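Q: You'll find data.cif just under this line, and it carries mmCIF, N, CA and C atoms.
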data_input
loop_
_atom_site.label_atom_id
_atom_site.label_comp_id
_atom_site.auth_asym_id
_atom_site.auth_seq_id
_atom_site.Cartn_x
_atom_site.Cartn_y
_atom_site.Cartn_z
N MET A 238 133.17 50.82 147.30
CA MET A 238 134.18 51.17 146.36
C MET A 238 133.54 51.88 145.19
N LEU A 239 134.33 52.70 144.55
CA LEU A 239 133.88 53.39 143.35
C LEU A 239 134.44 52.62 142.15
N VAL A 240 133.54 52.08 141.33
CA VAL A 240 133.94 51.30 140.15
C VAL A 240 133.89 52.21 138.94
N GLY A 241 135.00 52.26 138.21
CA GLY A 241 135.10 53.13 137.04
C GLY A 241 134.53 52.51 135.79
N LEU A 242 134.59 53.27 134.72
CA LEU A 242 134.05 52.81 133.42
C LEU A 242 134.77 51.57 132.90
N ASP A 243 136.03 51.38 133.32
CA ASP A 243 136.80 50.22 132.87
C ASP A 243 136.58 48.99 133.77
N GLY A 244 135.73 49.12 134.79
CA GLY A 244 135.46 48.01 135.69
C GLY A 244 136.47 47.87 136.81
N LYS A 245 137.46 48.76 136.86
CA LYS A 245 138.46 48.72 137.92
C LYS A 245 138.06 49.63 139.06
N PRO A 246 138.37 49.22 140.30
CA PRO A 246 138.08 50.09 141.44
C PRO A 246 138.89 51.39 141.34
N GLN A 247 138.22 52.52 141.48
CA GLN A 247 138.90 53.81 141.48
C GLN A 247 139.18 54.26 142.90
N LYS A 248 138.32 53.86 143.83
CA LYS A 248 138.50 54.23 145.23
C LYS A 248 137.86 53.14 146.09
N VAL A 249 138.61 52.64 147.06
CA VAL A 249 138.10 51.61 147.96
C VAL A 249 138.16 52.16 149.38
N GLU A 250 137.04 52.12 150.07
CA GLU A 250 136.96 52.59 151.45
C GLU A 250 136.39 51.48 152.31
N LEU A 251 136.87 51.40 153.53
CA LEU A 251 136.37 50.44 154.49
C LEU A 251 135.16 51.04 155.19
N GLN A 252 134.02 50.38 155.08
CA GLN A 252 132.80 50.89 155.71
C GLN A 252 132.84 50.68 157.22
N SER A 253 133.29 49.50 157.63
CA SER A 253 133.46 49.24 159.06
C SER A 253 134.61 48.26 159.24
N SER A 254 135.36 48.44 160.32
CA SER A 254 136.53 47.62 160.58
C SER A 254 136.13 46.24 161.08
N SER A 255 136.94 45.28 160.74
CA SER A 255 136.74 43.92 161.26
C SER A 255 137.28 43.82 162.68
N GLY A 256 138.06 44.82 163.08
CA GLY A 256 138.73 44.78 164.38
C GLY A 256 140.18 44.31 164.24
N SER A 257 140.54 43.90 163.04
CA SER A 257 141.90 43.44 162.76
C SER A 257 142.47 44.24 161.60
N GLU A 258 143.59 44.90 161.83
CA GLU A 258 144.22 45.67 160.74
C GLU A 258 144.60 44.76 159.59
N ARG A 259 145.02 43.53 159.88
CA ARG A 259 145.43 42.60 158.82
C ARG A 259 144.24 42.23 157.93
N PHE A 260 143.08 41.95 158.55
CA PHE A 260 141.89 41.60 157.77
C PHE A 260 141.39 42.81 156.98
N ASP A 261 141.42 43.99 157.61
CA ASP A 261 140.99 45.20 156.91
C ASP A 261 141.85 45.44 155.68
N LYS A 262 143.18 45.33 155.85
CA LYS A 262 144.09 45.55 154.72
C LYS A 262 143.89 44.48 153.65
N ALA A 263 143.70 43.22 154.07
CA ALA A 263 143.48 42.14 153.11
C ALA A 263 142.20 42.37 152.31
N SER A 264 141.16 42.89 152.96
CA SER A 264 139.90 43.19 152.27
C SER A 264 140.10 44.27 151.21
N ILE A 265 140.80 45.33 151.58
CA ILE A 265 141.05 46.43 150.64
C ILE A 265 141.93 45.96 149.49
N ASP A 266 142.99 45.20 149.80
CA ASP A 266 143.87 44.69 148.75
C ASP A 266 143.12 43.78 147.78
N ALA A 267 142.27 42.91 148.32
CA ALA A 267 141.50 42.01 147.46
C ALA A 267 140.56 42.80 146.56
N ALA A 268 139.82 43.74 147.15
CA ALA A 268 138.86 44.53 146.36
C ALA A 268 139.56 45.32 145.26
N ASN A 269 140.76 45.80 145.53
CA ASN A 269 141.51 46.54 144.51
C ASN A 269 141.96 45.64 143.36
N GLY A 270 142.05 44.33 143.61
CA GLY A 270 142.48 43.40 142.57
C GLY A 270 141.34 42.83 141.74
N TRP A 271 140.12 43.00 142.18
CA TRP A 271 138.98 42.46 141.46
C TRP A 271 138.56 43.39 140.33
N ARG A 272 137.84 42.82 139.36
CA ARG A 272 137.28 43.62 138.25
C ARG A 272 135.78 43.42 138.24
N TYR A 273 135.08 44.46 137.83
CA TYR A 273 133.62 44.48 137.89
C TYR A 273 133.04 44.89 136.55
N VAL A 274 131.77 44.61 136.37
CA VAL A 274 131.04 45.12 135.20
C VAL A 274 130.62 46.54 135.57
N PRO A 275 130.99 47.53 134.77
CA PRO A 275 130.63 48.92 135.11
C PRO A 275 129.12 49.09 135.22
N GLY A 276 128.71 49.96 136.13
CA GLY A 276 127.29 50.25 136.31
C GLY A 276 126.76 51.09 135.17
N LYS A 277 125.46 51.02 134.97
CA LYS A 277 124.83 51.83 133.91
C LYS A 277 123.63 52.56 134.48
N ARG A 278 123.42 53.75 133.98
CA ARG A 278 122.23 54.53 134.30
C ARG A 278 121.60 54.91 132.97
N ASN A 279 120.34 54.50 132.79
CA ASN A 279 119.64 54.72 131.52
C ASN A 279 120.44 54.16 130.34
N GLY A 280 121.08 53.00 130.57
CA GLY A 280 121.83 52.33 129.52
C GLY A 280 123.21 52.89 129.24
N VAL A 281 123.61 53.92 129.97
CA VAL A 281 124.91 54.56 129.74
C VAL A 281 125.85 54.22 130.91
N PRO A 282 127.02 53.60 130.60
CA PRO A 282 127.97 53.29 131.68
C PRO A 282 128.44 54.56 132.37
N GLU A 283 128.58 54.46 133.70
CA GLU A 283 129.11 55.58 134.48
C GLU A 283 129.73 55.02 135.75
N PRO A 284 130.68 55.75 136.32
CA PRO A 284 131.26 55.30 137.59
C PRO A 284 130.16 55.21 138.66
N MET A 285 130.21 54.16 139.47
CA MET A 285 129.20 53.98 140.51
C MET A 285 129.83 53.39 141.76
N TRP A 286 129.24 53.78 142.89
CA TRP A 286 129.65 53.21 144.17
C TRP A 286 129.00 51.85 144.34
N LEU A 287 129.75 50.92 144.92
CA LEU A 287 129.29 49.55 145.12
C LEU A 287 129.73 49.10 146.51
N GLU A 288 128.83 48.47 147.24
CA GLU A 288 129.18 47.92 148.55
C GLU A 288 129.44 46.43 148.36
N VAL A 289 130.63 45.99 148.76
CA VAL A 289 131.02 44.59 148.60
C VAL A 289 131.39 44.02 149.96
N PRO A 290 130.54 43.17 150.55
CA PRO A 290 130.90 42.57 151.83
C PRO A 290 132.00 41.52 151.64
N VAL A 291 132.93 41.50 152.57
CA VAL A 291 134.02 40.52 152.55
C VAL A 291 133.95 39.75 153.86
N THR A 292 133.92 38.42 153.77
CA THR A 292 133.82 37.57 154.95
C THR A 292 135.05 36.69 155.03
N PHE A 293 135.66 36.64 156.22
CA PHE A 293 136.79 35.76 156.46
C PHE A 293 136.30 34.59 157.29
N ARG A 294 136.76 33.39 156.93
CA ARG A 294 136.40 32.19 157.68
C ARG A 294 137.66 31.43 158.01
N SER A 295 137.70 30.85 159.19
CA SER A 295 138.84 30.02 159.55
C SER A 295 138.54 28.57 159.19
N GLY A 296 139.57 27.84 158.96
CA GLY A 296 139.40 26.44 158.61
C GLY A 296 140.53 26.00 157.71
N PRO A 297 140.49 24.76 157.25
CA PRO A 297 141.56 24.28 156.38
C PRO A 297 141.58 25.05 155.05
N ALA A 298 142.76 25.22 154.53
CA ALA A 298 142.93 25.91 153.25
C ALA A 298 142.28 25.10 152.14
N ARG A 299 141.65 25.80 151.21
CA ARG A 299 141.05 25.12 150.05
C ARG A 299 141.85 25.48 148.82
N SER A 300 141.94 24.53 147.90
CA SER A 300 142.61 24.84 146.63
C SER A 300 141.65 25.51 145.67
N ALA A 301 142.22 26.31 144.81
CA ALA A 301 141.40 27.00 143.80
C ALA A 301 140.86 25.97 142.82
N PRO A 302 139.64 26.21 142.31
CA PRO A 302 139.03 25.25 141.36
C PRO A 302 139.77 25.21 140.05
#
Could you render the structure as structure tokens?

A:
Amino acid sequence: MLVGLDGKPQKVELQSSSGSERFDKASIDAANGWRYVPGKRNGVPEPMWLEVPVTFRSGPARSAP
């Protein structure tokens, strides 16, 4: 994904499919909702590409902390 100066994703791309359209869409939707610390080059914030792995696991639902 491309993270902008405001820490919001500007562009999210799927690097490789999980094999499930539902999981792929859920990954993209989740990444679009997250916020990040903008990257810096020589101390100056700038938009940067970031690779974020997303893993799905089956099992009982957990409550949020």

Q: Return the single residue from A:Ala263, A:Val274, A:Val291, A:Val281 that is closest to Leu239 in chain A, with distances computed using only C-alpha atoms.

A: A:Val274

Q: Give as a ChimeraX atom specification the set of residues within 12 Å of the point (143.4, 44.8, 151.5), where distances use the file's coordinates and only C-alpha atoms.

A: /A:249-251,254-255,257-271,291

Q: If you run DSSP on this backbone, which residues of chain A come out as helix (DSSP H, G or I), and could you give them as number ranges by chain?

A: A: 258-270

Q: Within 5 Å of range 241-247 of chain A, counting all atoms listed in the file, which residues show up once you throw out same-chain ones fewer than 4 positions away? Write them as a list of chain:residue names, please.

A: A:Arg272, A:Tyr273, A:Pro275, A:Pro284

Q: For the selection you just gave me, I'd like the residues written to a file as a PDB file, in the frame of the given file, keeping N, CA and C atoms.

A:
ATOM      1  N   ARG A 272     137.840  42.820 139.360  1.00  0.00           N
ATOM      2  CA  ARG A 272     137.280  43.620 138.250  1.00  0.00           C
ATOM      3  C   ARG A 272     135.780  43.420 138.240  1.00  0.00           C
ATOM      4  N   TYR A 273     135.080  44.460 137.830  1.00  0.00           N
ATOM      5  CA  TYR A 273     133.620  44.480 137.890  1.00  0.00           C
ATOM      6  C   TYR A 273     133.040  44.890 136.550  1.00  0.00           C
ATOM      7  N   PRO A 275     130.990  47.530 134.770  1.00  0.00           N
ATOM      8  CA  PRO A 275     130.630  48.920 135.110  1.00  0.00           C
ATOM      9  C   PRO A 275     129.120  49.090 135.220  1.00  0.00           C
ATOM     10  N   PRO A 284     130.680  55.750 136.320  1.00  0.00           N
ATOM     11  CA  PRO A 284     131.260  55.300 137.590  1.00  0.00           C
ATOM     12  C   PRO A 284     130.160  55.210 138.660  1.00  0.00           C
TER      13      PRO A 284
END

Q: As an exercise, work out the distance from CA of Phe293 in chain A to atom N of Gly256 in chain A in Å and give it to one decimal place.

A: 11.3 Å

Q: May I ask for the distance between atom N of Leu287 in chain A and atom C of Val240 in chain A, given in Å to one decimal place?

A: 7.4 Å
